[in-house]
Amino acid sequence: MIPKVISVGNISLGGTGKTPFTIRLTNYFLAQGKKVCVLSRGYKGKIGLETNVISDGENILIKPPLAADEPYMIAENCKGAIVITGKERADSAAYAMEHFRPDLFILDDGFQHKRMHRDLDILLLDHRKPISTGLPFPFGYLREFPKGIRRADIIVFTRADNTEVPSNVVPLVKDKPVFFSHIEFRGIRTADGSLLSADDMAGRKCLGFSGIAGGGRFFAFLYENGVNIVKNRQFPDHMHYCCGTLDKLENIAEHYKLDMIITTQKDFVKIPEDRRHKYAYAEIDIALNDEAGFFGEIAKKIG
């Protein structure tokens, strides 16, 4: 049986929530009893862009900084999924077919990777600025011109406050299944595995930091959910945290007598394990406006 291929991607330069969405999708199919293989480019991983098995579905074999943060985070959150990185997804898929025989491939950040066949393209668009300036990099913040949206089979507007399609993309998404999602705050996960609610966080003064696209939104998200961020530090996307950087963060927390240092899970997984007891991360989930409808559309496309 030939595995089906689902691509999850966007047309902007980042910040639409691809990784959490890929995790949500992967766990859905794992719960259906499918053998899922996630293929990622492995951007910013130090192991290189040849085919590398991050997880064989039973054990995580490669960790940051050798593994890139996003595929490692997928492996951590999707127990049972095979996670493979490599610049050429078709080569990674061929390796997976030979060694693992998956039922389903999910391409993480695959919308522009046209060299590999896919049965379904899911395109994520930021609800607040779906096409930004409308121009590709370096003149704007898009990976391609907005007309590329028409290639998508399913559109999901992320970070949605309502279910209204933004007027500037109405002509591009007409006659396509359209859904809306938002990020739900589950709590602050500490290194010992405890999950602290907003009530648990009341009165605690925290240092927040992140190395993701749109990091300012992360700090606002924490504040909106009752986490008191007294100081914050923003780093470049895909930041690798050396001992010196972590020393500075810990010194800030000590100097201002802060109770916790909080980051994103994507950043947390890059902190050396012997230092993680000093850090915590915001645990999130993806909520869809019509979950049954969304997965029903997927079933129509891939059977």
# chains A, B, ... in the order shown; residues from 1 in each chain; ligands from 1
>>> select_by_dssp(residues="stretch 27-226 of chain A", states="strand (DSSP E)", output="ChimeraX atom specification")
/A:36-40,52-56,82-85,104-108,120-126,154-158,178-190,195-196,206-210
>>> write_last_selection(atoms="C-alpha atoms", output="PDB file, in the first residue's frame")
ATOM      1  CA  VAL A  36       3.091   8.170  10.883  1.00  0.00           C
ATOM      2  CA  CYS A  37       6.379   9.497   9.545  1.00  0.00           C
ATOM      3  CA  VAL A  38       7.030  13.242   9.780  1.00  0.00           C
ATOM      4  CA  LEU A  39       9.503  14.628   7.258  1.00  0.00           C
ATOM      5  CA  SER A  40      11.226  17.915   8.088  1.00  0.00           C
ATOM      6  CA  ASN A  52      18.818  11.715   9.527  1.00  0.00           C
ATOM      7  CA  VAL A  53      16.454   9.750  11.775  1.00  0.00           C
ATOM      8  CA  ILE A  54      15.569  11.933  14.757  1.00  0.00           C
ATOM      9  CA  SER A  55      13.122   9.366  16.148  1.00  0.00           C
ATOM     10  CA  ASP A  56      12.481   5.791  15.033  1.00  0.00           C
ATOM     11  CA  ILE A  82       8.950   8.434  13.087  1.00  0.00           C
ATOM     12  CA  VAL A  83      10.675  11.781  12.547  1.00  0.00           C
ATOM     13  CA  ILE A  84      13.238  12.179   9.771  1.00  0.00           C
ATOM     14  CA  THR A  85      15.083  15.291   8.608  1.00  0.00           C
ATOM     15  CA  LEU A 104       1.246   8.200   6.228  1.00  0.00           C
ATOM     16  CA  PHE A 105       3.796  10.927   5.604  1.00  0.00           C
ATOM     17  CA  ILE A 106       3.348  14.422   7.025  1.00  0.00           C
ATOM     18  CA  LEU A 107       5.579  17.095   5.506  1.00  0.00           C
ATOM     19  CA  ASP A 108       6.393  19.718   8.120  1.00  0.00           C
ATOM     20  CA  LEU A 120      -3.215  16.987   0.452  1.00  0.00           C
ATOM     21  CA  ASP A 121      -1.861  20.495   1.013  1.00  0.00           C
ATOM     22  CA  ILE A 122      -2.927  22.213   4.246  1.00  0.00           C
ATOM     23  CA  LEU A 123      -2.019  25.898   4.221  1.00  0.00           C
ATOM     24  CA  LEU A 124      -1.834  27.937   7.417  1.00  0.00           C
ATOM     25  CA  LEU A 125      -2.462  31.691   7.198  1.00  0.00           C
ATOM     26  CA  ASP A 126      -2.167  34.189  10.025  1.00  0.00           C
ATOM     27  CA  ILE A 154      -7.517  23.196   2.887  1.00  0.00           C
ATOM     28  CA  ILE A 155      -7.014  26.639   4.442  1.00  0.00           C
ATOM     29  CA  VAL A 156      -6.593  27.125   8.189  1.00  0.00           C
ATOM     30  CA  PHE A 157      -6.464  30.644   9.592  1.00  0.00           C
ATOM     31  CA  THR A 158      -4.362  30.543  12.750  1.00  0.00           C
ATOM     32  CA  VAL A 178     -11.732  27.071   5.351  1.00  0.00           C
ATOM     33  CA  PHE A 179     -11.197  26.595   9.077  1.00  0.00           C
ATOM     34  CA  PHE A 180     -10.051  28.748  11.970  1.00  0.00           C
ATOM     35  CA  SER A 181      -7.801  27.903  14.892  1.00  0.00           C
ATOM     36  CA  HIS A 182      -6.358  29.546  17.962  1.00  0.00           C
ATOM     37  CA  ILE A 183      -3.795  28.688  20.597  1.00  0.00           C
ATOM     38  CA  GLU A 184      -5.068  27.521  23.963  1.00  0.00           C
ATOM     39  CA  PHE A 185      -2.980  27.964  27.097  1.00  0.00           C
ATOM     40  CA  ARG A 186      -2.713  24.728  29.067  1.00  0.00           C
ATOM     41  CA  GLY A 187      -0.336  25.945  31.759  1.00  0.00           C
ATOM     42  CA  ILE A 188       3.319  26.326  32.675  1.00  0.00           C
ATOM     43  CA  ARG A 189       5.177  23.038  32.501  1.00  0.00           C
ATOM     44  CA  THR A 190       8.127  22.760  34.882  1.00  0.00           C
ATOM     45  CA  LEU A 195       1.731  21.691  35.093  1.00  0.00           C
ATOM     46  CA  LEU A 196       0.980  24.996  36.801  1.00  0.00           C
ATOM     47  CA  CYS A 206       8.886  35.769  35.976  1.00  0.00           C
ATOM     48  CA  LEU A 207      11.530  36.304  33.327  1.00  0.00           C
ATOM     49  CA  GLY A 208      10.330  35.377  29.856  1.00  0.00           C
ATOM     50  CA  PHE A 209      12.532  34.696  26.845  1.00  0.00           C
ATOM     51  CA  SER A 210      12.070  33.246  23.384  1.00  0.00           C
TER      52      SER A 210
END
>>> select_by_dssp(residues="stretch 43-176 of chain A", states="alpha helix (DSSP H)", output="PyMOL selection string")
chain A and resi 69-77+89-99+170-173
>>> residues_around(residues="A:Met201", least_positions_apart="6", cutoff="10 Å", atoms="only C-alpha atoms", output="PyMOL selection string")
chain A and resi 187-188+225-228+259-260
>>> residues_around(residues="A:Arg24", least_positions_apart="2", cutoff="12 Å", atoms="only C-alpha atoms", output="NGL selection string")
:A and (8 or 17-22 or 26-31 or 74 or 77-78 or 106 or 108 or 181 or 183 or 284-288 or 291 or 295)
>>> residues_around(residues="stretch 127-131 of chain A", least_positions_apart="2", cutoff="12 Å", atoms="only C-alpha atoms", output="number ranges by chain")
A: 10-17, 123-125, 133-136, 140-149, 155-170, 172-173, 178-182
>>> decode(residues="stretch 78-113 of chain A", atoms="N, CA, C and O atoms", output="tab-separated table (two decimals), in the first residue's frame")
chain	number	residue	atom	x	y	z
A	78	CYS	N	5.13	13.67	20.02
A	78	CYS	CA	4.36	12.69	19.24
A	78	CYS	C	4.98	11.31	19.44
A	78	CYS	O	5.70	10.80	18.56
A	79	LYS	N	4.72	10.71	20.59
A	79	LYS	CA	5.29	9.42	20.90
A	79	LYS	C	4.75	8.36	19.93
A	79	LYS	O	3.54	8.22	19.76
A	80	GLY	N	5.65	7.67	19.28
A	80	GLY	CA	5.27	6.67	18.29
A	80	GLY	C	5.49	7.12	16.87
A	80	GLY	O	5.48	6.29	15.94
A	81	ALA	N	5.69	8.42	16.66
A	81	ALA	CA	5.92	8.92	15.30
A	81	ALA	C	7.38	8.77	14.91
A	81	ALA	O	8.29	8.98	15.72
A	82	ILE	N	7.61	8.44	13.66
A	82	ILE	CA	8.95	8.43	13.09
A	82	ILE	C	9.21	9.86	12.61
A	82	ILE	O	8.36	10.46	11.93
A	83	VAL	N	10.35	10.42	12.95
A	83	VAL	CA	10.67	11.78	12.55
A	83	VAL	C	12.02	11.75	11.84
A	83	VAL	O	13.03	11.31	12.41
A	84	ILE	N	12.03	12.21	10.59
A	84	ILE	CA	13.24	12.18	9.77
A	84	ILE	C	13.48	13.57	9.19
A	84	ILE	O	12.54	14.24	8.74
A	85	THR	N	14.74	14.01	9.21
A	85	THR	CA	15.08	15.29	8.61
A	85	THR	C	15.96	15.07	7.38
A	85	THR	O	16.63	14.05	7.24
A	86	GLY	N	15.97	16.07	6.51
A	86	GLY	CA	16.80	16.02	5.31
A	86	GLY	C	16.31	17.04	4.31
A	86	GLY	O	15.11	17.32	4.22
A	87	LYS	N	17.24	17.62	3.57
A	87	LYS	CA	16.88	18.65	2.60
A	87	LYS	C	15.96	18.11	1.51
A	87	LYS	O	15.00	18.77	1.10
A	88	GLU	N	16.25	16.89	1.03
A	88	GLU	CA	15.44	16.29	-0.02
A	88	GLU	C	14.41	15.35	0.62
A	88	GLU	O	14.74	14.23	1.02
A	89	ARG	N	13.17	15.80	0.70
A	89	ARG	CA	12.14	15.01	1.38
A	89	ARG	C	11.90	13.68	0.66
A	89	ARG	O	11.57	12.68	1.29
A	90	ALA	N	12.03	13.68	-0.67
A	90	ALA	CA	11.81	12.44	-1.41
A	90	ALA	C	12.84	11.38	-1.01
A	90	ALA	O	12.50	10.19	-0.88
A	91	ASP	N	14.09	11.80	-0.78
A	91	ASP	CA	15.11	10.86	-0.33
A	91	ASP	C	14.79	10.35	1.08
A	91	ASP	O	14.95	9.15	1.37
A	92	SER	N	14.32	11.26	1.94
A	92	SER	CA	13.95	10.87	3.30
A	92	SER	C	12.78	9.88	3.27
A	92	SER	O	12.74	8.92	4.03
A	93	ALA	N	11.82	10.15	2.37
A	93	ALA	CA	10.66	9.26	2.24
A	93	ALA	C	11.08	7.87	1.75
A	93	ALA	O	10.58	6.85	2.23
A	94	ALA	N	12.01	7.84	0.79
A	94	ALA	CA	12.49	6.55	0.29
A	94	ALA	C	13.18	5.76	1.40
A	94	ALA	O	12.98	4.54	1.53
A	95	TYR	N	13.96	6.46	2.24
A	95	TYR	CA	14.62	5.79	3.37
A	95	TYR	C	13.57	5.25	4.34
A	95	TYR	O	13.68	4.12	4.83
A	96	ALA	N	12.55	6.07	4.61
A	96	ALA	CA	11.49	5.64	5.54
A	96	ALA	C	10.74	4.43	5.00
A	96	ALA	O	10.40	3.52	5.76
A	97	MET	N	10.49	4.41	3.70
A	97	MET	CA	9.78	3.27	3.11
A	97	MET	C	10.60	1.99	3.25
A	97	MET	O	10.06	0.91	3.53
A	98	GLU	N	11.89	2.10	3.07
A	98	GLU	CA	12.76	0.92	3.15
A	98	GLU	C	12.87	0.39	4.58
A	98	GLU	O	12.88	-0.81	4.80
A	99	HIS	N	12.93	1.32	5.56
A	99	HIS	CA	13.24	0.90	6.93
A	99	HIS	C	12.03	0.85	7.87
A	99	HIS	O	12.06	0.14	8.87
A	100	PHE	N	10.95	1.61	7.55
A	100	PHE	CA	9.85	1.73	8.51
A	100	PHE	C	8.47	1.40	7.94
A	100	PHE	O	7.55	1.10	8.71
A	101	ARG	N	8.29	1.50	6.65
A	101	ARG	CA	7.00	1.23	6.00
A	101	ARG	C	5.84	1.97	6.66
A	101	ARG	O	4.87	1.36	7.15
A	102	PRO	N	5.86	3.30	6.68
A	102	PRO	CA	4.76	4.06	7.31
A	102	PRO	C	3.48	4.01	6.49
A	102	PRO	O	3.49	3.74	5.28
A	103	ASP	N	2.36	4.30	7.17
A	103	ASP	CA	1.07	4.41	6.48
A	103	ASP	C	0.85	5.81	5.92
A	103	ASP	O	0.07	6.00	4.99
A	104	LEU	N	1.53	6.80	6.54
A	104	LEU	CA	1.25	8.20	6.23
A	104	LEU	C	2.51	9.03	6.42
A	104	LEU	O	3.23	8.87	7.40
A	105	PHE	N	2.75	9.92	5.46
A	105	PHE	CA	3.80	10.93	5.60
A	105	PHE	C	3.15	12.28	5.88
A	105	PHE	O	2.16	12.65	5.24
A	106	ILE	N	3.73	13.03	6.81
A	106	ILE	CA	3.35	14.42	7.03
A	106	ILE	C	4.58	15.27	6.77
A	106	ILE	O	5.63	15.07	7.41
A	107	LEU	N	4.48	16.19	5.82
A	107	LEU	CA	5.58	17.09	5.51
A	107	LEU	C	5.44	18.34	6.37
A	107	LEU	O	4.49	19.11	6.22
A	108	ASP	N	6.38	18.51	7.29
A	108	ASP	CA	6.39	19.72	8.12
A	108	ASP	C	7.03	20.84	7.32
A	108	ASP	O	8.17	20.73	6.88
A	109	ASP	N	6.29	21.93	7.12
A	109	ASP	CA	6.76	23.08	6.34
A	109	ASP	C	7.04	22.65	4.90
A	109	ASP	O	8.13	22.88	4.36
A	110	GLY	N	6.02	22.05	4.28
A	110	GLY	CA	6.23	21.48	2.95
A	110	GLY	C	5.53	22.17	1.80
A	110	GLY	O	5.59	21.66	0.67
A	111	PHE	N	4.90	23.32	2.02
A	111	PHE	CA	4.07	23.91	0.96
A	111	PHE	C	4.91	24.30	-0.26
A	111	PHE	O	4.44	24.19	-1.40
A	112	GLN	N	6.14	24.77	-0.04
A	112	GLN	CA	6.99	25.18	-1.16
A	112	GLN	C	7.86	24.03	-1.68
A	112	GLN	O	8.59	24.20	-2.65
A	113	HIS	N	7.83	22.87	-1.03
A	113	HIS	CA	8.66	21.74	-1.44
A	113	HIS	C	7.91	20.96	-2.52
A	113	HIS	O	7.35	19.89	-2.28
